Amino acid sequence: MSSVKTVNDLSWMIGGPQGSGVDSSANVFARACAAGGLNIFGKREFYSNIMGEHSYFALRARSDVVRSHVDAVNVLATFEAETLFRHAREVTDDGAIVYDPSLGKTRLSDIPTIEKRLDADLRTYLISRGVGETIDDMLAASKQRGVALVPIPYKDLLEQVADEFQIDQLSKISRVVNMLAVGASFGILGFDFEMMRRGLEDVFRAKAKVVNMNAAGGRKAYDIAQTLVPEFPYRLEKLPRKEARLFLTGSQATGLGKLYGGMRFQTYYPITPASDESEFLEENEVLDLNGSGLHSESDASTPKEEAASILVVQTEDEIAAITMATGAALTGTRSATATSGPGFSLMMEGIGWASINEVPVVITLYQRAGPSTGMPTRHEQGDLRFALHAGHGESPRILLASGDFEECIRDGFLAFNYADRYQMPVIHLVDKALANSYATTTVPDLSDLRIDRGVLANGSNGYSKENPYKRFDLGNGPVSPRAFLGQEGTMFWNTGDEHEEHGHITEDPAVRDAMMEKRFAKLDLAAKEIPRDVKMRYFGPKDATTLIVSWGSTKGALLDALDRLWAEGAKIGYLHVRLINPFPTEEILPYLAKAKRRIGIEMNFGAQLAGIVREHTGVEMTHFILKYNGRPMSNTELYDAIQSVIRKKAAKRTVLTRGS
Amino acid sequence: MALEQILKPSDFATEVHNDWCPGCGDFGILRTIQMALAELKMEPHRVTIVSGIGCSAKTVHYVKTYGIHTLHGRALPYATGVKLANPQLKVLCLSGDGDGLGIGGGHFVNAGRRNLDMLYIIHDNGVYGLTKGQAAPTLKLGVQTKSLAHPNINEAVNPIWLALAAGATWVGRGYSYDIKHLVATIKAGIEHKGYAFLDVLQPCPTYNDLNTKEWYGGEDRKDATSGRAMPRVYKLEDEGYDPVVHEPSDVEKKTTQALEKALEWGDRIPIGVFYKNEHVPTFEERIAKRVPTYFDHPPALQPIAGPGGEPRTDLTRLMRPLTFKAE
């Protein structure tokens with residue numbers, strides 16, 4: 001064991017054609033690690049395709065907290081040729097490749113799903129290594145660098161499993177190869193095999209035979225791999241854990257936050273990557289009630305006279321999704337819709353209607369690479385300015401952007417409070433990277449969260465027969481008491497036209513002025529009332545001379561990269577902006593003013609937040625680190641790029657390009 | 001408000017100035033909605049009327065119930081949201097033919113698939129009135145109203161056919177100048193259990209000079225002997241037409257019958273109920289099959305917070321599969 005250099009800090013990857021069970025194998029690997037007390041961060045990459053195109057998972061397992069992926073792979077688990085061709089070069093020199101030796105003669109030209117650009121690139125590489133174009137050649141090139149090769153006789157092992165479990169056709173258990181690759185990985189890593197069994201039980205739950213078959217196969221591959229590579233420099237070891245941890249995707253985190261916030265109605269039209277959240281909600285439509293919510297120790301007991309459920313409606317399009325959610329919100333129901341770029345584009349008119357009628361509705365926007373269809377399954381933070389201005393005319397809205405899973409939960413919750421309190425649409429920005437990543441995370445303490453429904457018409461607002469209720473009362477400050485459809489004594493009208501106090505159409509110039517000013521004054525109020533720690537957060541030393549300004553899911557990779565830079569003594573601060581509208585100008589201005597060097601870091605072409613910062617503060621970024629190739633920033637490339645800036649080796653604009 | 005005091009249609013009238021053109025067919029629809037609500041003894045605050053955009057959409061401002069005037073073509077999804085969140089409310093939905101069958105055509109089809117318990121009325125006049133008379137989806141191919149530069153280049157859609165094809169479980173037609181008949185038809189539509197679609201022939205006196213009150217009334221074709229006009233509009237019930245699907249096995253026969261009747265136009269235009277089928281479960285009933293507490297505890301009426309704003313949703317059960325317990 002003297003050769004072991006790295007314990008519990010691993011980057012693992014598995015790949016394969018979509019629909020072949022890669023999802024499950026990554027899930028088993030991650031859950032096995034989590035069961036063994038390790039922390040996990042997993043990134044999922046896939047094509048817009050049902051079956052056959054390449055997909056892969058990059059997973060990190062660590063004893064410390066892990067919030068992002070790295071470029072390098074220590075163990076690459078493959079069971080077919082494409083993954084090996086695509087990713088072998090990402091394996092570190094001291095890493096390992098698990099593969100099927102029967103594929104040795106497969107040629108690069110045999111694989112139709114590799115893009116022309118990548119094909120040419122791979123050929124150039126293979127020629128430079130002085131080898132041919134087969135899998136054996138690719139492996140030879142890897143071995144030259146020191147990479148350990150772990151051939152697993154998949155077909156033999158499958159046959160053995162088939163024999164043991166009396167399966168007549170091998171094709172029926174072809175998916176077991178995934179778990180052979182997982183087992184082989186754990187074999188060289190020396191991880192307790194019992195944890196893999198627990199991972200299998202978690203993923204396949206009730207299906208005992210599936211668990212047993214996969215465990216039997218996994219064990220065989222585990223033993224073979226351990227014999228082949230007895231002294232691998234990376235090792236995973238079980239850690240005792242004192243506290244419970246969550247194992248979540250960003251979609252689940254956002255959904256949980258919304259439910260906890262009292263959402264009872266959600267609409268959606270199928271779209272990647274937003275649908276996952278709605279499906280999660282739909283699966284859990286019957287809810288439990290009690291007083292203590294998230295932190296209940298005992299099983300929930302809903303009294304008989306009460307009941308809770310979330311109604312999830314799949315609509316005919318996104319126009320129906322936003323308008324239906326708005327209709328539901330008018331009844332007093334906390335209502336939302338979740339969508340991605342193209343769907344959000346269809347919602348513009350509905351958002352304007354909700355804004356002019358002061359309806360609290362929440363739109364969860366899962367950003368993906370645009371414009372148009374763009375790259376539906378790939379990542380981007382490209383909708384910031386669009387969400388800020390979506391719709392014709394001028395209509396106030398609140399914009400919240402989450403950067404990690406806890407913020408997804410909190411913002412999912414807070415979005416409804418702000419929608420109710422300021423009576424306007426709230427757009428909650430998340431993105432593909434958050435939605436599809438999963439990670440272990442401490443169970444967040446949400447005991448500070450309270451539901452705030454804002455000012456309601458409830459008999460104590462001074463309305464009477466002589467002084468009847470006015471939905472858009474101009475005499476009561478910008479926020480007028482809100483009534484629900486069906487409520488007695490508070491009849492109101494709504495219209496997309498400009499309206500007077502009861503909600504009837506008007507084109508009177510003085511009333512128009514008053515209503516515009518009323519609507520926008522609510523934003524000023526929100527800017528005053530929303531707590532500083534929701535608006536933004538500053539990370540880093542007080543005397544930082546370089547300031548990073550960023551937003552959204554780059555947070556994880558940034559914090560991981562900064563941990564390294566701070567350890568090296570770099571004086572860098574990081575301003576994470578979460579409330580985009582109303583913009584926290586007052587709060588961020590002192591940080592901007594102090595910094596000598598300011599770097600805008602965003603997953604988009606146009607440095608959208610940097611532009612908004614300039615608009616509100618007049619302060620320009622001195623440098624930009626941007627990325628728009630559809631693959632989230634790794635902490636490795638961020639580390640490199642930030643270091644170039646502080647060493648004055650970077651141009652004003654650095655574009656990150658890594659990721660496959 | 002005691003119910004006995006609100007039985008007059010005038011109790012459903014607001015003081016908002018009505019700016020429809022004199023002689024507009026919409027007046028008949030407004031009046032009959034107010035009469036139907038009064039006759040059905042509906043408490044005004046328990047009723048929500050949702051409309052789209054256009055002359056028809058202004059109706060809600062003249063009716064003293066909750067009135068939601070929405071976006072062009074989108075009345076149905078707004079109304080659907082209201083009804084699903086609080087199925088205890090009575091929801092009426094209004095559109096014009098351009099609003100409901102043109103820009104909102106997708107929602108028209110999908111409302112049929114759901115069979116939500118509400119009445120949808122289309123004010124059908126063949127033109128886009130508020131934008132000065134462009135051809136709307138029910139205007140026949142080749143006809144030219146005075147507002148058009150050329151004869152209509154599009155074929156007309158048949159709203160009755162479309163509603164039946166989409167799955168509406170009650171399909172009717174009314175005529176806005178036959179008040180008594182229209183009140184009865186609206187009441188029948190409101191009382192239908194499921195999605196009721198009512199097409200109301202509603203002359204636009206300003207832009208549609210073809211399908212006028214006089215034309216529907218047959219003023220241009222007087223009986224030779226009596227000299228009286230021979231109305232084009234006739235009532236299905238006067239001819240012993242039975243629209244009801246009595247047994248589920250009647251669906252094919254009754255649908256075919258309704259489709260045949262809906263083809264009549266020109267000299268004989270049927271009004272009344274074309275089709276009625278209460279054997280199809282409503283969308284609300286389909287939800288209640290999955291969530292049995294839905295009717296008693298719909299989304300709008302659920303407690304979400306304690307007295308101090310404590311969140312009341314308990315996520316314990318949902319979190320269990322997402323949690324790794326301590327060793």
# chains A, B, ... in the order shown; residues from 1 in each chain; ligands from 1
call {"tool": "residues_around", "arguments": {"residues": "A:Asp94", "least_positions_apart": "2", "cutoff": "7 Å", "atoms": "only C-alpha atoms", "output": "VMD selection string"}}
result
chain A and resid 92 96 146 to 147
call {"tool": "write_last_selection", "arguments": {"atoms": "C-alpha atoms", "output": "JSON list (two decimals), in the first residue's frame"}}
result
[["chain", "number", "residue", "atom", "x", "y", "z"],
["A", 92, "THR", "CA", -4.42, 11.41, -15.52],
["A", 96, "ALA", "CA", -6.74, 3.87, -14.83],
["A", 146, "GLY", "CA", 1.59, 5.45, -17.32],
["A", 147, "VAL", "CA", -2.17, 4.89, -17.25]]
call {"tool": "residues_around", "arguments": {"residues": "stretch 165-175 of chain A", "least_positions_apart": "6", "cutoff": "10 Å", "atoms": "only C-alpha atoms", "output": "list in words"}}
result
Gly19, Ser20, Gly21, Val22, Ser24, Ser25, Tyr154, Lys155, Leu158, Glu159, Lys209, Val210, Asn212, Met213, Asn214 and Ala216 of chain A
call {"tool": "interface_residues", "arguments": {"of": "chain B", "to": "chain A", "cutoff": "8 Å", "atoms": "only C-alpha atoms", "output": "NGL selection string"}}
result
:B and (16 or 45-48 or 60-61 or 64-71 or 74 or 77-86 or 89 or 106-107 or 110 or 291 or 293-294 or 297 or 299-306 or 308-319 or 322-327)
call {"tool": "atom_distance", "arguments": {"atom1": "atom CA of B:Gly174", "atom2": "atom CA of B:Val245"}}
result
20.3 Å
call {"tool": "residues_around", "arguments": {"residues": "B:Leu236", "least_positions_apart": "5", "cutoff": "12 Å", "atoms": "only C-alpha atoms", "output": "ChimeraX atom specification"}}
result
/B:172-174,181,185,241-243,257-258,261-262,264,268-275
call {"tool": "select_by_dssp", "arguments": {"residues": "stretch 43-271 of chain B", "states": "helix (DSSP H, G or I)", "output": "VMD selection string"}}
result
chain B and resid 44 to 46 56 to 62 75 to 85 97 to 103 105 to 114 159 to 166 179 to 191 213 to 216 236 to 239 248 to 262
call {"tool": "closest_residue", "arguments": {"among": "A:His379, A:His389, A:Arg482, A:Arg597", "to": "A:Ile548", "atoms": "only C-alpha atoms"}}
result
A:Arg597
call {"tool": "residues_around", "arguments": {"residues": "A:Val577", "least_positions_apart": "4", "cutoff": "9 Å", "atoms": "only C-alpha atoms", "output": "PyMOL selection string"}}
result
chain A and resi 401+403+534-538+549-552+583-584+588+609
call {"tool": "atom_distance", "arguments": {"atom1": "atom CA of A:Glu194", "atom2": "atom CA of A:Gly218"}}
result
10.8 Å
call {"tool": "select_by_dssp", "arguments": {"residues": "stretch 29-189 of chain B", "states": "strand (DSSP E)", "output": "MDAnalysis selection string"}}
result
chainID B and resid 47:51 66:69 90:96 118:124 127:128 134:135 170:175
call {"tool": "write_last_selection", "arguments": {"atoms": "C-alpha atoms", "output": "PDB file, in the first residue's frame"}}
result
ATOM      1  CA  VAL B  47     -68.796  33.443  -9.712  1.00  0.00           C
ATOM      2  CA  THR B  48     -65.693  34.323 -11.756  1.00  0.00           C
ATOM      3  CA  ILE B  49     -66.025  35.301 -15.390  1.00  0.00           C
ATOM      4  CA  VAL B  50     -62.862  35.154 -17.461  1.00  0.00           C
ATOM      5  CA  SER B  51     -62.523  36.703 -20.912  1.00  0.00           C
ATOM      6  CA  TYR B  66     -65.306  38.648 -10.177  1.00  0.00           C
ATOM      7  CA  GLY B  67     -64.217  39.589 -13.682  1.00  0.00           C
ATOM      8  CA  ILE B  68     -60.900  38.618 -15.215  1.00  0.00           C
ATOM      9  CA  HIS B  69     -60.188  40.209 -18.594  1.00  0.00           C
ATOM     10  CA  LYS B  90     -68.496  28.791 -10.655  1.00  0.00           C
ATOM     11  CA  VAL B  91     -66.403  29.743 -13.674  1.00  0.00           C
ATOM     12  CA  LEU B  92     -67.625  31.157 -16.976  1.00  0.00           C
ATOM     13  CA  CYS B  93     -65.297  31.879 -19.829  1.00  0.00           C
ATOM     14  CA  LEU B  94     -65.918  34.237 -22.772  1.00  0.00           C
ATOM     15  CA  SER B  95     -64.171  34.749 -26.107  1.00  0.00           C
ATOM     16  CA  GLY B  96     -64.799  36.078 -29.550  1.00  0.00           C
ATOM     17  CA  MET B 118     -67.313  25.161 -16.755  1.00  0.00           C
ATOM     18  CA  LEU B 119     -69.118  26.998 -19.518  1.00  0.00           C
ATOM     19  CA  TYR B 120     -67.226  28.543 -22.424  1.00  0.00           C
ATOM     20  CA  ILE B 121     -69.112  31.013 -24.613  1.00  0.00           C
ATOM     21  CA  ILE B 122     -67.846  32.211 -27.976  1.00  0.00           C
ATOM     22  CA  HIS B 123     -69.290  35.491 -29.229  1.00  0.00           C
ATOM     23  CA  ASP B 124     -69.398  34.473 -32.873  1.00  0.00           C
ATOM     24  CA  VAL B 127     -64.975  39.506 -37.730  1.00  0.00           C
ATOM     25  CA  TYR B 128     -62.317  41.073 -35.565  1.00  0.00           C
ATOM     26  CA  GLN B 134     -60.690  41.820 -40.409  1.00  0.00           C
ATOM     27  CA  ALA B 135     -61.962  38.334 -41.295  1.00  0.00           C
ATOM     28  CA  TRP B 170     -71.939  19.694 -23.975  1.00  0.00           C
ATOM     29  CA  VAL B 171     -72.163  21.639 -27.210  1.00  0.00           C
ATOM     30  CA  GLY B 172     -74.769  24.278 -27.896  1.00  0.00           C
ATOM     31  CA  ARG B 173     -75.529  27.290 -30.034  1.00  0.00           C
ATOM     32  CA  GLY B 174     -77.495  30.379 -29.202  1.00  0.00           C
ATOM     33  CA  TYR B 175     -78.566  33.536 -30.996  1.00  0.00           C
TER      34      TYR B 175
END
call {"tool": "residues_around", "arguments": {"residues": "B:Ala163", "least_positions_apart": "4", "cutoff": "9 Å", "atoms": "only C-alpha atoms", "output": "count of residues only"}}
result
11
call {"tool": "residues_around", "arguments": {"residues": "B:Thr145", "least_positions_apart": "2", "cutoff": "6 Å", "atoms": "only C-alpha atoms", "output": "list in words"}}
result
Ser147, Leu148, Asn208 and Asp209 of chain B
call {"tool": "closest_residue", "arguments": {"among": "B:Ser226, B:Gln34, B:Asn277, B:Ser10", "to": "B:Lys254", "atoms": "only C-alpha atoms"}}
result
B:Asn277
call {"tool": "residues_around", "arguments": {"residues": "A:Lys596", "least_positions_apart": "2", "cutoff": "12 Å", "atoms": "only C-alpha atoms", "output": "list in words"}}
result
Asp543, Ala544, Thr545, Thr546, Leu547, Ile548, Lys571, Ile572, Gly573, Tyr591, Leu592, Ala593, Lys594, Arg598, Ile599, Val619, Glu620, Met621, Thr622, His623 and Ile646 of chain A
